[in-house]
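Peer 1: Structure supplied as final_25.cif; contents: mmCIF, C-alpha atoms.
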```cif
data_work
#
loop_
_atom_site.label_atom_id
_atom_site.label_comp_id
_atom_site.auth_asym_id
_atom_site.auth_seq_id
_atom_site.Cartn_x
_atom_site.Cartn_y
_atom_site.Cartn_z
CA MET V 1 -65.48 41.84 -82.46
CA ASN V 2 -66.06 44.49 -79.81
CA ALA V 3 -68.97 44.73 -77.38
CA GLU V 4 -70.57 47.67 -79.19
CA LYS V 5 -71.08 45.66 -82.38
CA VAL V 6 -72.63 42.84 -80.39
CA ARG V 7 -74.90 45.32 -78.61
CA LEU V 8 -76.13 46.78 -81.91
CA ALA V 9 -76.81 43.35 -83.37
CA GLU V 10 -78.64 42.29 -80.21
CA ALA V 11 -80.86 45.38 -80.40
CA ILE V 12 -82.03 44.40 -83.89
CA ASP V 13 -82.33 40.75 -82.90
CA THR V 14 -84.42 41.54 -79.82
CA TRP V 15 -86.84 43.69 -81.79
CA VAL V 16 -87.31 41.13 -84.58
CA LEU V 17 -87.88 38.32 -82.09
CA SER V 18 -90.43 40.47 -80.24
CA VAL V 19 -92.33 40.96 -83.51
CA LEU V 20 -92.29 37.21 -84.18
CA SER V 21 -93.31 36.34 -80.63
CA GLN V 22 -96.47 38.44 -81.05
CA GLY V 23 -97.50 36.63 -84.22
CA GLY V 24 -95.86 38.99 -86.71
CA GLY V 25 -93.84 38.05 -89.76
CA ASP V 26 -91.95 39.61 -92.66
CA GLU V 27 -94.74 42.12 -93.28
CA GLN V 28 -94.56 43.52 -89.76
CA ILE V 29 -90.77 43.57 -89.82
CA LEU V 30 -90.84 45.54 -93.08
CA GLU V 31 -93.25 48.04 -91.58
CA GLY V 32 -91.07 48.74 -88.55
CA MET V 33 -87.52 48.19 -89.77
CA HIS V 34 -86.96 51.88 -90.59
CA ALA V 35 -86.37 52.53 -86.90
CA TYR V 36 -83.35 50.21 -86.95
CA MET V 37 -81.81 51.25 -90.25
CA ASP V 38 -79.27 53.55 -88.57
CA THR V 39 -78.27 50.72 -86.26
CA PHE V 40 -77.86 48.31 -89.15
CA LYS V 41 -75.86 50.88 -91.15
CA GLN V 42 -73.47 51.30 -88.22
CA LEU V 43 -72.78 47.58 -88.37
CA LEU V 44 -72.33 47.63 -92.15
CA ASP V 45 -69.85 50.49 -91.83
CA THR V 46 -67.81 48.99 -89.01
CA CYS V 47 -68.02 45.19 -89.36
CA THR V 48 -65.94 43.00 -91.60
CA THR V 49 -67.68 40.42 -93.79
CA LEU V 50 -66.65 37.71 -91.35
CA GLU V 51 -68.06 39.63 -88.37
CA MET V 52 -71.40 40.14 -90.15
CA THR V 53 -71.51 36.42 -90.94
CA LEU V 54 -70.80 35.52 -87.32
CA LEU V 55 -73.50 37.86 -86.08
CA ALA V 56 -76.01 36.37 -88.52
CA GLN V 57 -75.11 32.87 -87.34
CA ARG V 58 -75.44 33.83 -83.69
CA TYR V 59 -78.69 35.84 -83.84
CA ASP V 60 -81.70 34.49 -85.72
CA GLY V 61 -83.58 37.79 -85.59
CA PHE V 62 -80.60 39.74 -86.91
CA TYR V 63 -80.20 37.24 -89.76
CA ARG V 64 -83.86 37.60 -90.70
CA PHE V 65 -83.63 41.40 -90.65
CA ALA V 66 -80.51 41.42 -92.86
CA ASN V 67 -81.90 38.83 -95.27
CA LEU V 68 -85.19 40.70 -95.67
CA LEU V 69 -83.38 43.98 -96.21
CA GLU V 70 -81.15 42.39 -98.85
CA ARG V 71 -84.17 41.05 -100.73
CA LEU V 72 -85.90 44.43 -100.53
CA ALA V 73 -82.84 46.20 -101.92
CA GLN V 74 -82.63 43.68 -104.76
CA ALA V 75 -86.30 44.22 -105.58
CA ILE V 76 -85.73 47.97 -105.85
CA ALA V 77 -82.60 47.45 -107.97
CA ASP V 78 -84.50 45.09 -110.29
CA GLY V 79 -87.33 47.57 -110.68
CA VAL V 80 -89.88 45.23 -109.09
CA ILE V 81 -90.54 47.87 -106.44
CA GLU V 82 -90.67 51.45 -107.69
CA VAL V 83 -89.41 54.27 -105.48
CA PRO V 84 -90.81 57.71 -106.39
CA PRO V 85 -88.00 60.06 -107.49
CA ASP V 86 -89.21 62.76 -105.09
CA ALA V 87 -89.42 60.41 -102.11
CA PRO V 88 -87.75 62.10 -99.10
CA LEU V 89 -84.60 60.49 -97.79
CA PRO V 90 -84.58 59.27 -94.19
CA ASP V 91 -82.05 61.98 -93.23
CA SER V 92 -84.48 64.71 -94.28
CA GLN V 93 -87.12 63.56 -91.82
CA ASP V 94 -87.28 63.59 -88.08
CA LYS V 95 -85.60 60.50 -86.80
CA PRO V 96 -88.32 57.93 -86.07
CA ARG V 97 -88.65 56.80 -82.54
CA LYS V 98 -87.43 53.33 -81.81
CA PRO V 99 -90.48 51.12 -81.28
CA ARG V 100 -90.90 49.84 -77.77
CA VAL V 101 -90.08 46.16 -77.42
CA LEU V 102 -93.11 44.48 -75.91
CA LYS V 103 -92.94 41.28 -73.92
CA PRO V 104 -95.23 38.58 -75.26
CA LYS V 105 -98.40 38.25 -73.19
CA PRO V 106 -100.21 34.94 -72.60
CA LYS V 107 -103.54 36.47 -73.58
CA ARG V 108 -102.24 37.09 -77.10
CA GLN V 109 -102.23 33.42 -78.00
CA ALA V 110 -104.55 34.16 -80.94
CA ALA V 111 -102.34 36.92 -82.33
CA LYS V 112 -101.31 34.80 -85.29
CA GLN V 113 -104.85 35.05 -86.59
CA GLN V 114 -104.82 38.87 -86.50
CA GLN V 115 -103.15 39.37 -89.84
CA ILE V 116 -102.97 42.68 -91.66
CA ARG V 117 -104.89 42.71 -94.94
CA HIS V 118 -102.85 44.54 -97.57
CA ALA V 119 -104.04 46.37 -100.66
CA ILE V 120 -103.24 44.92 -104.08
CA ASP V 121 -100.63 47.67 -104.49
CA MET V 122 -98.39 45.46 -102.33
CA LEU V 123 -98.42 42.66 -104.92
CA PRO V 124 -94.94 43.55 -106.29
CA VAL V 125 -93.51 43.45 -102.76
CA PHE V 126 -95.04 40.05 -102.06
CA THR V 127 -93.87 38.78 -105.45
CA GLU V 128 -90.25 39.67 -104.77
CA MET V 129 -90.48 38.40 -101.20
CA ILE V 130 -91.88 35.01 -102.20
CA LEU V 131 -89.56 34.54 -105.18
CA GLY V 132 -86.57 35.49 -103.04
CA THR V 133 -87.62 33.10 -100.29
CA LEU V 134 -88.11 30.29 -102.79
CA GLN V 135 -84.68 30.84 -104.32
CA ASN V 136 -83.01 31.02 -100.93
CA THR V 137 -84.73 27.83 -99.75
CA GLU V 138 -83.71 25.98 -102.92
CA GLU V 139 -80.10 27.02 -102.37
CA GLN V 140 -80.16 26.02 -98.71
CA TYR V 141 -81.71 22.65 -99.51
CA ALA V 142 -79.03 21.96 -102.12
CA SER V 143 -76.32 23.03 -99.67
CA PHE V 144 -77.53 20.81 -96.84
CA LEU V 145 -78.12 17.95 -99.27
CA GLU V 146 -74.40 17.98 -100.07
CA ALA V 147 -73.73 17.34 -96.38
CA ARG V 148 -75.95 14.25 -96.28
CA PRO V 149 -73.07 11.75 -96.89
CA LYS V 150 -70.91 13.55 -94.28
CA PRO V 151 -73.17 15.17 -91.65
CA HIS V 152 -70.23 15.36 -89.23
CA VAL V 153 -69.05 18.50 -91.08
CA LEU V 154 -72.00 20.25 -89.38
CA ASP V 155 -72.55 21.00 -85.73
CA ASP V 156 -75.75 21.24 -83.68
CA ALA V 157 -75.65 25.06 -83.61
CA ILE V 158 -75.82 25.31 -87.42
CA VAL V 159 -78.56 22.69 -87.75
CA ASP V 160 -80.63 24.03 -84.83
CA ARG V 161 -80.51 27.55 -86.24
CA ALA V 162 -81.69 26.32 -89.64
CA LEU V 163 -84.48 24.32 -88.01
CA ARG V 164 -85.72 27.42 -86.18
CA LEU V 165 -85.57 29.56 -89.32
CA TYR V 166 -87.48 27.14 -91.50
CA GLN V 167 -90.06 26.36 -88.83
CA ALA V 168 -90.74 30.11 -88.69
CA GLN V 169 -90.80 30.27 -92.49
CA LEU V 170 -93.67 27.75 -92.53
CA GLU V 171 -95.73 30.24 -90.54
CA ASP V 172 -94.86 33.02 -93.00
CA ILE V 173 -95.97 30.83 -95.90
CA ALA V 174 -99.39 30.43 -94.27
CA LEU V 175 -99.67 34.21 -93.87
CA HIS V 176 -98.75 34.80 -97.51
CA GLU V 177 -101.29 32.21 -98.66
CA GLN V 178 -103.99 33.94 -96.66
CA GLN V 179 -103.12 37.27 -98.27
CA MET V 180 -103.33 35.72 -101.75
CA GLN V 181 -106.75 34.26 -100.93
CA TRP V 182 -107.95 37.67 -99.77
CA TRP V 183 -106.81 39.27 -102.99
CA LEU V 184 -108.64 36.66 -105.07
CA THR V 185 -111.92 37.85 -103.51
CA GLU V 186 -111.29 41.40 -104.78
CA PRO V 187 -111.87 42.86 -108.25
CA LEU V 188 -108.48 42.32 -109.95
CA THR V 189 -107.20 42.80 -113.45
CA GLU V 190 -106.54 39.65 -115.44
CA ALA V 191 -102.81 40.17 -115.02
CA GLN V 192 -103.12 40.62 -111.26
CA ARG V 193 -105.33 37.54 -110.88
CA PHE V 194 -102.88 35.48 -112.93
CA GLN V 195 -99.97 36.69 -110.80
CA VAL V 196 -101.77 35.97 -107.52
CA ASN V 197 -102.65 32.43 -108.64
CA ASP V 198 -99.08 31.92 -109.80
CA LEU V 199 -97.81 33.01 -106.38
CA LEU V 200 -100.20 30.59 -104.68
CA ALA V 201 -98.75 27.77 -106.78
CA LYS V 202 -95.22 28.86 -105.88
CA LEU V 203 -96.15 29.01 -102.20
CA ALA V 204 -97.41 25.43 -102.38
CA GLY V 205 -94.08 24.38 -103.88
CA LEU V 206 -92.22 26.41 -101.28
CA ARG V 207 -94.16 24.68 -98.49
CA ASP V 208 -93.24 21.23 -99.86
CA LEU V 209 -89.59 22.25 -100.21
CA ASN V 210 -89.59 23.76 -96.71
CA LEU V 211 -90.97 20.54 -95.23
CA ALA V 212 -88.41 18.48 -97.14
CA LEU V 213 -85.64 20.71 -95.82
CA LEU V 214 -86.88 20.32 -92.24
CA ASP V 215 -86.89 16.54 -92.66
CA LEU V 216 -83.36 16.68 -94.08
CA LEU V 217 -82.16 18.84 -91.18
CA ALA V 218 -83.66 16.45 -88.64
CA GLU V 219 -81.81 13.61 -90.37
CA LEU V 220 -78.52 15.53 -90.46
CA LYS V 221 -78.74 16.33 -86.77
CA GLN V 222 -78.37 12.62 -86.00
CA GLY V 223 -74.84 12.68 -87.41
CA THR V 224 -73.38 16.10 -86.56
CA ILE V 225 -69.92 16.45 -85.03
CA ASP V 226 -71.68 16.77 -81.65
CA ARG V 227 -73.04 13.22 -82.07
CA ILE V 228 -69.56 11.98 -83.03
CA LEU V 229 -68.04 13.50 -79.90
CA GLU V 230 -70.64 11.73 -77.78
CA MET V 231 -69.60 8.28 -79.09
CA ASP V 232 -67.36 5.96 -77.14
CA ASP V 233 -64.18 4.62 -78.74
CA GLU V 234 -65.76 1.33 -79.78
CA GLU V 235 -68.67 2.93 -81.63
CA LEU V 236 -66.36 5.50 -83.18
CA GLY V 237 -64.11 2.72 -84.44
CA ARG V 238 -67.04 0.82 -85.99
CA ARG V 239 -68.21 3.90 -87.81
CA ALA V 240 -64.73 4.66 -89.09
CA LEU V 241 -64.26 1.09 -90.36
CA GLY V 242 -67.70 1.18 -91.95
CA GLY V 243 -66.80 4.28 -93.91
CA TYR V 244 -69.34 6.50 -92.16
CA LEU V 245 -66.69 9.04 -91.09
#
```
Please express the file's structure as structure tokens.
Peer 2:
Amino acid sequence: MNAEKVRLAEAIDTWVLSVLSQGGGDEQILEGMHAYMDTFKQLLDTCTTLEMTLLAQRYDGFYRFANLLERLAQAIADGVIEVPPDAPLPDSQDKPRKPRVLKPKPKRQAAKQQQIRHAIDMLPVFTEMILGTLQNTEEQYASFLEARPKPHVLDDAIVDRALRLYQAQLEDIALHEQQMQWWLTEPLTEAQRFQVNDLLAKLAGLRDLNLALLDLLAELKQGTIDRILEMDDEELGRRALGGYL
């Protein structure tokens, strides 16, 4: 992988992490990601599947950007999000300026409370986002659960990355729940009210699953290959004889 590909991935990663550091989440990333679409497309056009996987493993922000974009594309393909047929393509517009990456300031400690209140028109977007997150979390939980009898197949880098991602996801869940509660105070159709309440129930289940996954990851970290390498010969021998390796 050449330095240019790494530079492009780092540009996306830096921007996403700056959004998160200022209390933003998936909503804010969605609103600003257009400025980095050309950068992401360059990577798609030039990287192999393995290189994209390695970049996603190395950069949390890049992974989040790619995962969110994938879910958005799937929502459009499934018809959950409708795109007007006369919507202008990005190439037909002036190229948007790349947003300035701001350093987090201490005085913005309360930024997490300054959440954008969206109109009910965004309900399909939130529906696809929450359902996609729930499905992804279920798959990840099942995957890590398979490693429970043999945690040494994992290393600290993989587990630490997952811990960071799902700690951040807990914050996103709280933001989504707040948005649902806001919508319930508005005049909704019966169908919209049913869907919002259904999403609240799914968010509660997602929170429980997220917490269970974090507990599982903390348990797995006690037996990663890094822990095995730290053992002396005597302890390693006992574990091998006990069938733990």
Peer 1: Between CA of Phe126 in chain V and CA of Asn210 in chain V, what is the distance in Å, rounded to a tenth?
Peer 2: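 It comes out at 18.0 Å.
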Peer 1: Apply the PyMOL selection byres ((chain V and resi 162) around 12) to the file shown and report the selected residues as number ranges by chain.
Peer 2: V: 56-60, 63-64, 137, 140-141, 143-144, 154-161, 163-169, 210, 213-218, 220-221
Peer 1: Fewer than 3 positions away in the same chain doesn't count, so skip those; otherwise give me all residues within 12 Å of range 45-49 of chain V, counting all atoms listed in the file, as a list in words.
Peer 2: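 The neighbour list is Met1, Asn2, Glu4, Lys5, Val6, Leu8, Ala9, Asp38, Thr39, Phe40, Lys41, Gln42, Met52, Thr53, Leu54, Leu55 and Ala56 of chain V.
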Peer 1: Need to verify the contact set: Gln181 in chain V, 12 Å, only C-alpha atoms, exclusion of same-chain residues closer than 6 positions in sequence. Can you return it as a PyMOL selection string?
Peer 2: chain V and resi 117-118+120+174-175+193+196-201+203
Peer 1: Around range 213-218 of chain V, fit a box with edges along x, y and z, padding it by 4 Å on each side, then list its centre and edge lengths in Å to one decimal as lines of an AutoDock Vina configuration file.
Peer 2:
```
center_x = -84.5
center_y = 18.6
center_z = -92.2
size_x = 12.7
size_y = 12.3
size_z = 15.2
```
Peer 1: Please, what distance in Å, to one decimal, runs between CA of Gly61 in chain V and CA of Ala11 in chain V?
Peer 2: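 These two atoms are separated by 9.6 Å.
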Peer 1: Quick check, in Å to one decimal: how far apart do CA of Ile116 in chain V and CA of Asp26 in chain V lie?
Peer 2: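 Straight-line distance from CA of Ile116 in chain V to CA of Asp26 in chain V works out to 11.5 Å.
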Peer 1: Which residue, V:Gln179, V:Ser18, V:Asn136, V:Gln74, has the smallest gap to Met122 in chain V when you use only C-alpha atoms?
Peer 2: V:Gln179
Peer 1: Please write the residues picked by the PyMOL selection byres ((chain V and resi 130) around 10) on this file as a list in words.
Peer 2: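 Given this file, the PyMOL selection byres ((chain V and resi 130) around 10) evaluates to Arg71, Pro124, Val125, Phe126, Thr127, Glu128, Met129, Leu131, Gly132, Thr133, Leu134, Gln135, Asn136, Asp172, Ile173, His176, Leu199, Leu200, Lys202, Leu203 and Leu206 of chain V.
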Peer 1: Contacts of Leu72 in chain V at 10 Å or less, counting all atoms listed in the file, minus same-chain residues fewer than 2 places along, as JSON, numbers by chain?
Peer 2: {"V": [30, 66, 67, 68, 69, 70, 74, 75, 76, 77, 78, 80, 81, 125, 128, 129, 132]}
Peer 1: Save out the residues we just selected, C-alpha atoms, as a PDB file, in the frame of the given file.
Peer 2:
```pdb
ATOM      1  CA  LEU V  30     -90.840  45.540 -93.080  1.00  0.00           C
ATOM      2  CA  ALA V  66     -80.510  41.420 -92.860  1.00  0.00           C
ATOM      3  CA  ASN V  67     -81.900  38.830 -95.270  1.00  0.00           C
ATOM      4  CA  LEU V  68     -85.190  40.700 -95.670  1.00  0.00           C
ATOM      5  CA  LEU V  69     -83.380  43.980 -96.210  1.00  0.00           C
ATOM      6  CA  GLU V  70     -81.150  42.390 -98.850  1.00  0.00           C
ATOM      7  CA  GLN V  74     -82.630  43.680-104.760  1.00  0.00           C
ATOM      8  CA  ALA V  75     -86.300  44.220-105.580  1.00  0.00           C
ATOM      9  CA  ILE V  76     -85.730  47.970-105.850  1.00  0.00           C
ATOM     10  CA  ALA V  77     -82.600  47.450-107.970  1.00  0.00           C
ATOM     11  CA  ASP V  78     -84.500  45.090-110.290  1.00  0.00           C
ATOM     12  CA  VAL V  80     -89.880  45.230-109.090  1.00  0.00           C
ATOM     13  CA  ILE V  81     -90.540  47.870-106.440  1.00  0.00           C
ATOM     14  CA  VAL V 125     -93.510  43.450-102.760  1.00  0.00           C
ATOM     15  CA  GLU V 128     -90.250  39.670-104.770  1.00  0.00           C
ATOM     16  CA  MET V 129     -90.480  38.400-101.200  1.00  0.00           C
ATOM     17  CA  GLY V 132     -86.570  35.490-103.040  1.00  0.00           C
TER      18      GLY V 132
END
```
Peer 1: Pick the closest to Ala204 in chain V from V:Ile228, V:Leu188, V:Ala3, V:Met180: which is it, counting all atoms listed in the file?
Peer 2: V:Met180
Peer 1: Rank V:Glu171, V:Leu123, V:Thr185, V:Ile29 by their smallest atom-to-atom distance to Phe62 in chain V, using only C-alpha atoms, and report the top residue only.
Peer 2: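 Closest to Phe62 in chain V, using only C-alpha atoms: V:Ile29.
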Peer 1: Under the rule that only C-alpha atoms are counted, which of V:Ile12, V:Glu51, V:Lys150, V:Glu31 is the nearest residue to Glu219 in chain V?
Peer 2: V:Lys150
